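Before any comments, here is the structure.
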Amino acid sequence: MRKIRLRINGDLYERDVRESKTLLHFLREDVGLTGTKEGCGAGECGACTVFMNGETVNSCLVLAVEADGADLQTIEGETAEDGSLSAVQQAFARHHAVQCGFCTPGMIMTVKDLLQRKPKPTREEVIHGIESNFCRCTGYQQIVEAVLDVTGQLPDSEKEGLKYV
Amino acid sequence: MLHDFAYAAPTAKDEVFSLLAEHGTAAAVLSGGTDLLVNIRSGIARPDYVINLKGVSELAELSFDAGQGLSIGACVTVTKLLADATVRQKYPLLVSAASQLATHQLRNRATIVGNIVTASPCGDMSSPLLCYGAEVELASASGTRTVALQEFITGVKKTVIRPEEIVQRIIVPTTYVGGSGNYLKLKRIKGHDLGVVSVAMLTYATKIRVAIGSAAPTPLLLSEFPIDASAKTIKQAARAAISPIDDVRCTKEYRAFMVEEFIERLLAEVHA
């Protein structure tokens with residue numbers, strides 16, 4: 001066991017952790033933040049994406065001990081204290097960019113990161129930007145629309161359809 | 001769950017070397033972790049001791065010197081390389097390949113040195129580094145030694161690293177600075193994937209340099225071509241050099257076919 005200190009969604013934590021524990025399992029099992037999901041466990045699917053010191057990482061491929069001193073943000077930090085959803089979360093809801101919801105926390109972390117780097121991504125850039133995250137339900141179309149909507153770029157023709165969703 | 005192992009995060013190279021001398025093959029060196037943790041999870045690697053190099057600040061250095069060239073430290077991530085203005089200006093072929101390596105999340109952790117040390121035939125950085133004539137600097141308690149990248153990778157996931165050594169940096173000489181290049185990678189899907197086959201081409205003054213990935217046990221550097229070499233000449237040389245295999249991702253015939261296709265496309269860019 002080794003003592004680590006880190007900040008998660010603004011709060012400081014000090015915990016003893018097994019050297020062999022991944023950051024993903026630490027978040028879920030030791031801290032109780034189960035929003036972050038384990039998909040493949042091998043860096044392929046992006047379900048475990050979290051922010052570590054301002055950059056997105058696959059938390060399944062980081063040891064918790066490597067995060068000693070780090071500043072993390074997870075999906076739990078995305079919602080305000082009063083429970084209100086972030087703009088990206090609202091756009092996902094409006095466009096039904098969710099079906100089973102398993103990929104959604106990681107997908108939202110990835111979209112948030114993409115928008116920090118590229119505030120107005122083109123459709124191509126959105127598609128390329130979310131290639132790190134697998135979704136087996138939506139076919140990605142609604143996710144792309146949600147991102148274009150939250151950046152004020154959704155063509156009117158596609159907004160029209162929303163009325164009937 | 002991963003098997004239990006001891007962990008150290010030294011802050012000086014000497015500590016790394018003494019830990020390696022003590023634990024030998026029972027130790028694994030951790031830099032980006034994007035290969036190591038996958039291998040531990042799947043049981044391919046079972047180290048008793050994991051040594052994290054990221055606390056050693058000099059190993060995170062990325063620098064350029066007009067005499068020596070580009071120095072890429074063991075902990076330089078793919079993202080850091082991609083963000084470097086000097087690299088973008090002087091080594092465009094590295095940028096082309098690095099931007100096609102895995103995903104943004106993985107590029108934030110994965111290191112250039114790790115990509116070489118893994119020594120996979122499909123490692124995206126091997127071919128471009130071979131084109132640039134890169135050298136690998138190994139270090140241990142008893143000193144440093146430098147080997148050409150061609151000699152460093154000896155087989156599928158095999159290198160000349162000794163148990164007591166680390167690769168402390170890659171040195172990319174200035175020989176081909178000013179040249180232009182591109183990297184083409186065949187993937188099974190439009191999103192991120194391992195390269196099914198890849199070709200890197202670097203043109204510099206009167207020369208064309210070509211390296212091929214996933215078409216032999218090691219990445220292959222072909223012998224240099226004159227700038228006016230025909231596609232036929234380069235394809236012939238490639239055909240003679242490669243020894244592709246059938247695997248779950250592709251047949252050997254299609255690999256051979258796509259090597260030639262990529263050579264055609266890259267050469268068309270050169271002459272465009």
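To be explicit about the labels: the chains of the structure tokens are called A, B, and onward in the order shown, and within each one the residues are counted from 1, while ligands get numbers from 1 in the order they are shown.
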Practice task
Compute the chain A side of the contact with chain B at 6 Å, counting only C-alpha atoms, and hand it back as a ChimeraX atom specification.
Solution key: /A:20,42,56-57,61,131-132
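Proximity to Ala64 of chain A at 9 Å, evaluated using only C-alpha atoms and with sequence-adjacent residues fewer than 5 positions away removed, yields Ile4, Val17, Arg18, Glu19, Ser20, Lys21, Thr22, Leu23, Leu24, His25, Phe26, Leu27 and Ser59 of chain A.
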Practice task
Find the residues near Pro128 of chain B: any atom within 9 Å, counting only C-alpha atoms, skip ones fewer than 6 places away on the same chain, and give them as JSON, numbers by chain.
Solution key: {"B": [93, 94, 96, 97, 134, 181, 182, 183, 199, 200, 201, 202, 210, 211, 212]}
Fill in the blank from the handout: Ile171 of chain B proximity check over B:Glu137, B:Glu15, B:Glu58, B:Asp124, using only C-alpha atoms: winner is B:Glu137
Handout entry: Å distance separating atom CA of Ala26 of chain B from atom CA of Pro47 of chain B, one decimal place
Key =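 Separating atom CA of Ala26 of chain B from atom CA of Pro47 of chain B is a distance of 5.1 Å.
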Practice task
Could you give me, as a PyMOL selection string, each residue of segment 26-133 of chain A that DSSP assigns to alpha helix (DSSP H) when run on this structure's backbone?
Solution key: chain A and resi 87-94+104-117+123-129
Show which residues sit within 9 Å of Leu115 of chain A, as a PDB file with C-alpha atoms, in the first residue's frame. Count only C-alpha atoms, and ignore same-chain residues fewer than 6 positions away.
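Below is the file that was written, selection.pdb:
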```pdb
ATOM      1  CA  PRO A 121     -15.117  22.073 -34.443  1.00  0.00           C
ATOM      2  CA  VAL A 147     -21.754  18.699 -30.212  1.00  0.00           C
ATOM      3  CA  THR A 151     -21.303  25.019 -30.287  1.00  0.00           C
TER       4      THR A 151
END
```
Exercise for the section: Measure the distance from atom CA of Thr203 of chain B to atom CA of Ile170 of chain B in Å and round it to one decimal. Expected result: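 Going from atom CA of Thr203 of chain B over to atom CA of Ile170 of chain B, I get 21.3 Å.
Residue nearest Arg255 of chain B within the list B:Gly67, B:Pro219, B:Pro226, B:Gly195: B:Gly195 [criterion: smallest interatomic distance, only C-alpha atoms].
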Problem - Pick from A:Glu38, A:Glu81, A:Glu55, A:Asp68 nearest to Arg5 of chain A, counting only C-alpha atoms - result: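 For Arg5 of chain A, the nearest of the candidates is A:Asp68.
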Can you tell me which residues surround Cys45 of chain A at a distance of at most 8 Å, considering only C-alpha atoms, apart from same-chain residues fewer than 6 positions away, and format the answer as a tab-separated table (two decimals) with N, CA and C atoms, in the first residue's frame?
```
chain	number	residue	atom	x	y	z
A	39	GLY	N	-14.81	-0.21	-19.84
A	39	GLY	CA	-15.28	-0.92	-21.02
A	39	GLY	C	-14.31	-2.03	-21.34
A	132	SER	N	-11.92	8.27	-30.27
A	132	SER	CA	-11.33	7.57	-29.13
A	132	SER	C	-12.38	6.89	-28.26
A	133	ASN	N	-13.66	7.16	-28.53
A	133	ASN	CA	-14.71	6.65	-27.65
A	133	ASN	C	-15.73	5.83	-28.44
A	134	PHE	N	-15.90	4.60	-28.03
A	134	PHE	CA	-16.85	3.73	-28.73
A	134	PHE	C	-18.25	3.90	-28.17
```
Practice task
Write out as JSON, numbers by chain all residues of segment 171-220 of chain B that backbone DSSP assigns to strand (DSSP E).
Solution key: {"B": [171, 172, 180, 181, 182, 183, 184, 185, 186, 197, 198, 199, 200, 201, 202, 203, 204, 207, 208, 209, 210, 211, 212, 213, 220]}
Problem - Residues near Ile72 of chain B, cut-off 10 Å, only C-alpha atoms, skip fewer than 3 positions along chain, as a list in words - result: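 So the residues in contact are Leu59, Ala60, Glu61, Leu62, Ser63, Phe64, Gly69, Cys75, Val76, Thr77, Leu81, Thr111, Ile112, Val113, Val136, Gln168, Arg169, Ile170, Ile171 and Val172 of chain B.
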Selection above as a file: C-alpha atoms, as a PDB file, in the first residue's frame:
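Now in result30.pdb:
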```pdb
ATOM      1  CA  LEU B  59      13.902  12.135 -19.150  1.00  0.00           C
ATOM      2  CA  ALA B  60      10.961  14.387 -20.065  1.00  0.00           C
ATOM      3  CA  GLU B  61      13.165  16.722 -22.099  1.00  0.00           C
ATOM      4  CA  LEU B  62      12.520  17.377 -25.771  1.00  0.00           C
ATOM      5  CA  SER B  63      15.166  19.616 -27.290  1.00  0.00           C
ATOM      6  CA  PHE B  64      16.779  20.542 -30.578  1.00  0.00           C
ATOM      7  CA  GLY B  69      19.672  17.235 -33.804  1.00  0.00           C
ATOM      8  CA  CYS B  75       9.119  10.291 -21.063  1.00  0.00           C
ATOM      9  CA  VAL B  76       8.273  12.639 -23.946  1.00  0.00           C
ATOM     10  CA  THR B  77       4.669  11.926 -24.856  1.00  0.00           C
ATOM     11  CA  LEU B  81       6.091  15.942 -29.668  1.00  0.00           C
ATOM     12  CA  THR B 111       5.730   8.048 -25.285  1.00  0.00           C
ATOM     13  CA  ILE B 112       7.795   8.080 -28.476  1.00  0.00           C
ATOM     14  CA  VAL B 113      10.517   6.028 -26.778  1.00  0.00           C
ATOM     15  CA  VAL B 136      18.785   5.116 -29.678  1.00  0.00           C
ATOM     16  CA  GLN B 168      17.066   7.321 -22.111  1.00  0.00           C
ATOM     17  CA  ARG B 169      16.462   9.105 -25.404  1.00  0.00           C
ATOM     18  CA  ILE B 170      16.190   8.940 -29.160  1.00  0.00           C
ATOM     19  CA  ILE B 171      18.445  11.198 -31.174  1.00  0.00           C
ATOM     20  CA  VAL B 172      17.224  12.298 -34.591  1.00  0.00           C
TER      21      VAL B 172
END
```
Exercise for the section: Go through B:Phe17, B:Thr25, B:Met258, B:Leu184 and flag the residue nearest Leu101 of chain B, using only C-alpha atoms for the distances. Expected result: B:Leu184
Problem - Nearby residues (only C-alpha atoms) at most 10 Å from Tyr254 of chain B, same-chain spacing under 6 positions excluded, as a list in words - result: Val196, Val197, Pro244, Ile245, Asp246 and Glu260 of chain B
Practice task
Can you work out the spacing between atom CA of Ala12 of chain B and atom CA of Val56 of chain B in Å, to one decimal?
Solution key: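 Computing the Euclidean distance for atom CA of Ala12 of chain B and atom CA of Val56 of chain B yields 5.3 Å.
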